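Shown next: entry.cif, containing mmCIF, C-alpha atoms.
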```cif
data_my_file
loop_
_atom_site.label_atom_id
_atom_site.label_comp_id
_atom_site.auth_asym_id
_atom_site.auth_seq_id
_atom_site.Cartn_x
_atom_site.Cartn_y
_atom_site.Cartn_z
CA MET A 1 116.27 110.51 75.24
CA ASN A 2 113.64 112.77 73.77
CA ASP A 3 114.90 116.30 73.06
CA LYS A 4 111.80 117.86 74.63
CA CYS A 5 112.60 116.19 77.96
CA ALA A 6 116.38 116.50 77.80
CA SER A 7 118.06 119.53 79.23
CA THR A 8 121.37 120.87 80.39
CA PHE A 9 121.52 120.41 84.13
CA THR A 10 124.08 122.91 85.41
CA GLY A 11 122.74 125.33 88.03
CA LEU A 12 119.19 124.38 87.23
CA GLU A 13 116.35 126.44 88.70
CA PRO A 14 113.59 124.42 90.43
CA LEU A 15 110.79 125.76 88.22
CA HIS A 16 112.77 124.95 85.08
CA LEU A 17 113.28 121.39 86.34
CA LEU A 18 109.57 121.19 87.10
CA ARG A 19 108.73 122.21 83.52
CA ILE A 20 111.11 119.56 82.15
CA LEU A 21 109.56 116.86 84.33
CA GLN A 22 106.02 118.03 83.54
CA ALA A 23 106.80 117.68 79.83
CA CYS A 24 107.94 114.08 80.33
CA TRP A 25 104.96 113.34 82.61
CA THR A 26 102.43 114.81 80.18
CA LYS A 27 103.87 112.87 77.25
CA ARG A 28 103.83 109.69 79.34
CA GLU A 29 107.59 109.32 78.91
CA ILE A 30 107.69 107.62 82.29
CA HIS A 31 110.84 105.63 81.47
CA GLU A 32 112.81 108.90 81.19
CA LEU A 33 111.51 110.50 84.37
CA PRO A 34 113.73 108.78 86.98
CA GLU A 35 116.98 109.79 85.29
CA GLU A 36 115.72 113.31 84.51
CA ALA A 37 114.64 113.73 88.14
CA ARG A 38 117.91 112.40 89.60
CA ARG A 39 120.09 114.58 87.39
CA GLY A 40 117.82 117.54 88.05
CA PHE A 41 117.90 117.12 91.84
CA ALA A 42 121.70 116.86 91.73
CA SER A 43 121.97 120.08 89.76
CA LEU A 44 119.81 122.20 92.06
CA ALA A 45 121.76 124.63 94.24
CA ASP A 46 119.59 123.60 97.20
CA PRO A 47 117.82 120.30 96.44
CA LEU A 48 115.44 120.25 99.43
CA GLU A 49 114.36 123.84 98.93
CA GLY A 50 114.10 123.13 95.19
CA LEU A 51 111.77 120.22 95.86
CA LEU A 52 109.59 122.43 98.05
CA ILE A 53 109.40 125.11 95.35
CA MET A 54 108.44 122.47 92.78
CA LEU A 55 105.74 121.04 95.06
CA GLU A 56 104.32 124.49 95.75
CA ASN A 57 103.99 124.97 91.99
CA CYS A 58 102.82 121.48 91.08
CA ASN A 59 99.04 121.55 91.00
CA ASP A 60 98.20 117.98 90.05
CA TRP A 61 98.34 116.64 93.63
CA LYS A 62 95.71 119.15 94.65
CA LYS A 63 93.23 117.25 92.49
CA GLY A 64 93.54 114.22 94.76
CA LYS A 65 95.01 111.93 92.12
CA LYS A 66 96.82 108.88 93.42
CA GLN A 67 99.27 109.00 90.54
CA SER A 68 100.45 112.58 90.32
CA LEU A 69 103.71 114.19 89.32
CA ALA A 70 104.01 115.73 92.80
CA HIS A 71 103.74 112.33 94.45
CA TYR A 72 106.24 110.94 91.95
CA LEU A 73 108.66 113.80 92.74
CA ILE A 74 108.44 113.07 96.46
CA ASP A 75 109.13 109.36 95.87
CA GLN A 76 112.04 110.06 93.53
CA PHE A 77 113.52 112.66 95.88
CA ASN A 78 113.25 110.24 98.80
CA SER A 79 115.20 107.70 96.79
CA TRP A 80 117.74 110.26 95.58
CA ILE A 81 118.38 111.79 99.02
CA LYS A 82 119.26 108.39 100.48
CA ASP A 83 122.14 108.20 98.01
CA ASN A 84 123.06 111.87 98.51
CA ALA A 85 122.90 112.44 102.26
CA SER A 86 125.28 115.41 101.93
CA ALA A 87 122.43 117.35 100.33
CA GLN A 88 120.68 117.67 103.72
CA GLN A 89 120.07 121.17 105.05
CA PRO A 90 121.96 122.91 107.83
CA CYS A 91 119.82 123.41 110.93
CA GLN A 92 119.05 127.10 110.38
CA LYS A 93 117.86 126.58 106.81
CA GLN A 94 115.91 123.48 107.85
CA ASN A 95 113.80 125.56 110.26
CA LEU A 96 112.77 127.93 107.46
CA LEU A 97 111.87 125.04 105.17
CA GLN A 98 109.89 123.32 107.93
CA ALA A 99 107.75 126.44 108.36
CA LYS A 100 107.10 126.58 104.60
CA VAL A 101 106.30 122.88 104.32
CA PHE A 102 104.01 123.08 107.34
CA ALA A 103 101.69 125.35 105.34
CA LEU A 104 101.81 122.88 102.48
CA LEU A 105 100.88 120.00 104.79
CA THR A 106 97.50 121.59 105.41
CA VAL A 107 96.46 121.19 101.76
CA VAL A 108 98.17 118.04 100.46
CA PRO A 109 96.45 114.65 100.13
CA THR A 110 96.98 112.30 103.04
CA ASN A 111 99.09 109.90 100.96
CA VAL A 112 101.95 112.43 100.84
CA LEU A 113 101.85 113.60 104.47
CA ASP A 114 104.23 111.00 105.90
CA PRO A 115 106.86 111.33 103.16
CA LEU A 116 106.85 115.14 103.46
CA VAL A 117 107.04 115.06 107.26
CA SER A 118 109.97 112.66 106.98
CA LEU A 119 111.85 114.55 104.24
CA PHE A 120 111.56 117.92 105.93
CA GLU A 121 111.88 116.44 109.44
CA VAL A 122 108.77 118.29 110.61
CA ASP A 123 108.44 115.83 113.48
CA LYS A 124 111.80 117.09 114.77
CA ALA A 125 110.95 120.77 114.39
CA ASP A 126 111.19 123.19 117.27
CA THR A 127 107.99 122.84 119.31
CA SER A 128 107.56 126.56 119.85
CA SER A 129 107.74 127.17 116.08
CA LEU A 130 105.14 124.48 115.43
CA LEU A 131 102.84 125.89 118.11
CA SER A 132 103.06 129.28 116.49
CA LEU A 133 102.09 127.77 113.13
CA ILE A 134 99.20 125.89 114.74
CA GLU A 135 97.97 129.10 116.36
CA ASP A 136 98.00 130.74 112.92
CA LEU A 137 95.83 127.91 111.60
CA CYS A 138 93.36 128.48 114.44
CA ILE A 139 93.23 132.20 113.69
CA LYS A 140 92.41 131.32 110.06
CA ASN A 141 89.63 128.95 111.26
CA LYS A 142 91.45 125.91 109.89
CA TYR A 143 90.69 123.70 112.85
CA LYS A 144 90.81 120.39 110.98
CA GLU A 145 94.24 121.17 109.54
CA ARG A 146 95.79 121.91 112.94
CA ILE A 147 95.26 118.30 114.02
#
```

Target format structure tokens, applied to this file:
Amino acid sequence: MNDKCASTFTGLEPLHLLRILQACWTKREIHELPEEARRGFASLADPLEGLLIMLENCNDWKKGKKQSLAHYLIDQFNSWIKDNASAQQPCQKQNLLQAKVFALLTVVPTNVLDPLVSLFEVDKADTSSLLSLIEDLCIKNKYKERI
């Protein structure tokens, strides 16, 4: 494993993990990414929230690329979470994350909408919370995004 991609994974911060994965991605060390991502997700104090923080700070998906690190992270996390179901959020925390991811859904490419909705269970979110978020979009004149 390349020293620039390798890291100690105890109590890892999401932005530090993002930098590690960006280094591997930039250097095209694709073969190292799956293991780095899996170990990194496992070491995050809150994996789902960590993923959201990484996605909020990962700008390559905003450029509309089909192959982006953000899309790769979503795919890898989907795979990892299936093997680590205990990493799911308690209901109260899930509601907070759903509100944060809802804002992200208004700017992401369409190819990541379904995986994000599934991961963060936005389709199961409290209807009144979602309506409030949709009203906010209307106030901001983001009519297309509210659909």

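Reported to one decimal place, the separation of atom CA of A:Glu135 from atom CA of A:His71 is 28.2 Å.
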
Run the PyMOL selection byres ((chain A and resi 31-38) around 10) mentally over the shown coordinates, then write out the matched residues as a tab-separated table (two decimals) with C-alpha atoms, in the frame of the given file, using the chain letters and numbers from the document.
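Result file is result_24.tsv:
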```tsv
chain	number	residue	atom	x	y	z
A	1	MET	CA	116.27	110.51	75.24
A	2	ASN	CA	113.64	112.77	73.77
A	5	CYS	CA	112.60	116.19	77.96
A	6	ALA	CA	116.38	116.50	77.80
A	7	SER	CA	118.06	119.53	79.23
A	9	PHE	CA	121.52	120.41	84.13
A	17	LEU	CA	113.28	121.39	86.34
A	18	LEU	CA	109.57	121.19	87.10
A	20	ILE	CA	111.11	119.56	82.15
A	21	LEU	CA	109.56	116.86	84.33
A	22	GLN	CA	106.02	118.03	83.54
A	23	ALA	CA	106.80	117.68	79.83
A	24	CYS	CA	107.94	114.08	80.33
A	25	TRP	CA	104.96	113.34	82.61
A	28	ARG	CA	103.83	109.69	79.34
A	29	GLU	CA	107.59	109.32	78.91
A	30	ILE	CA	107.69	107.62	82.29
A	39	ARG	CA	120.09	114.58	87.39
A	40	GLY	CA	117.82	117.54	88.05
A	41	PHE	CA	117.90	117.12	91.84
A	42	ALA	CA	121.70	116.86	91.73
A	43	SER	CA	121.97	120.08	89.76
A	69	LEU	CA	103.71	114.19	89.32
A	72	TYR	CA	106.24	110.94	91.95
A	73	LEU	CA	108.66	113.80	92.74
A	76	GLN	CA	112.04	110.06	93.53
A	77	PHE	CA	113.52	112.66	95.88
A	79	SER	CA	115.20	107.70	96.79
A	80	TRP	CA	117.74	110.26	95.58
A	81	ILE	CA	118.38	111.79	99.02
```

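Taking atom CA of A:Pro115 and atom CA of A:Leu15 as endpoints, the distance between them is 21.1 Å.
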
* Given all atoms listed in the file as the counted atoms, nearest of A:Leu113, A:Leu44, A:Leu52, A:Ile74 to A:Ala99 ->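 Smallest separation from A:Ala99 among the options: A:Leu52.
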
* Tell me, in Å to one decimal, how far atom CA of A:Asn84 is from atom CA of A:Asp123. =>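 Computing the Euclidean distance for atom CA of A:Asn84 and atom CA of A:Asp123 yields 21.3 Å.
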
* Asked: Exactly which residues make up the result of the PyMOL selection byres ((chain A and resi 122) around 12) on this file, given as a list in words?
  -> Gln94, Asn95, Leu96, Leu97, Gln98, Ala99, Lys100, Val101, Phe102, Ala103, Leu104, Leu105, Leu113, Asp114, Pro115, Leu116, Val117, Ser118, Leu119, Phe120, Glu121, Asp123, Lys124, Ala125, Asp126, Thr127, Ser129, Leu130 and Leu133 of chain A

* To do: Just the residues within 7 Å of A:Ala70, please, counting only C-alpha atoms, with nothing from its chain fewer than 4 positions along; format it as a PyMOL selection string.
  => chain A and resi 55+58+60-61+74

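Distance check against A:Gln67 using all atoms listed in the file: of A:Arg19, A:Asn111, A:Pro14, A:Met54, the minimum falls on A:Asn111.
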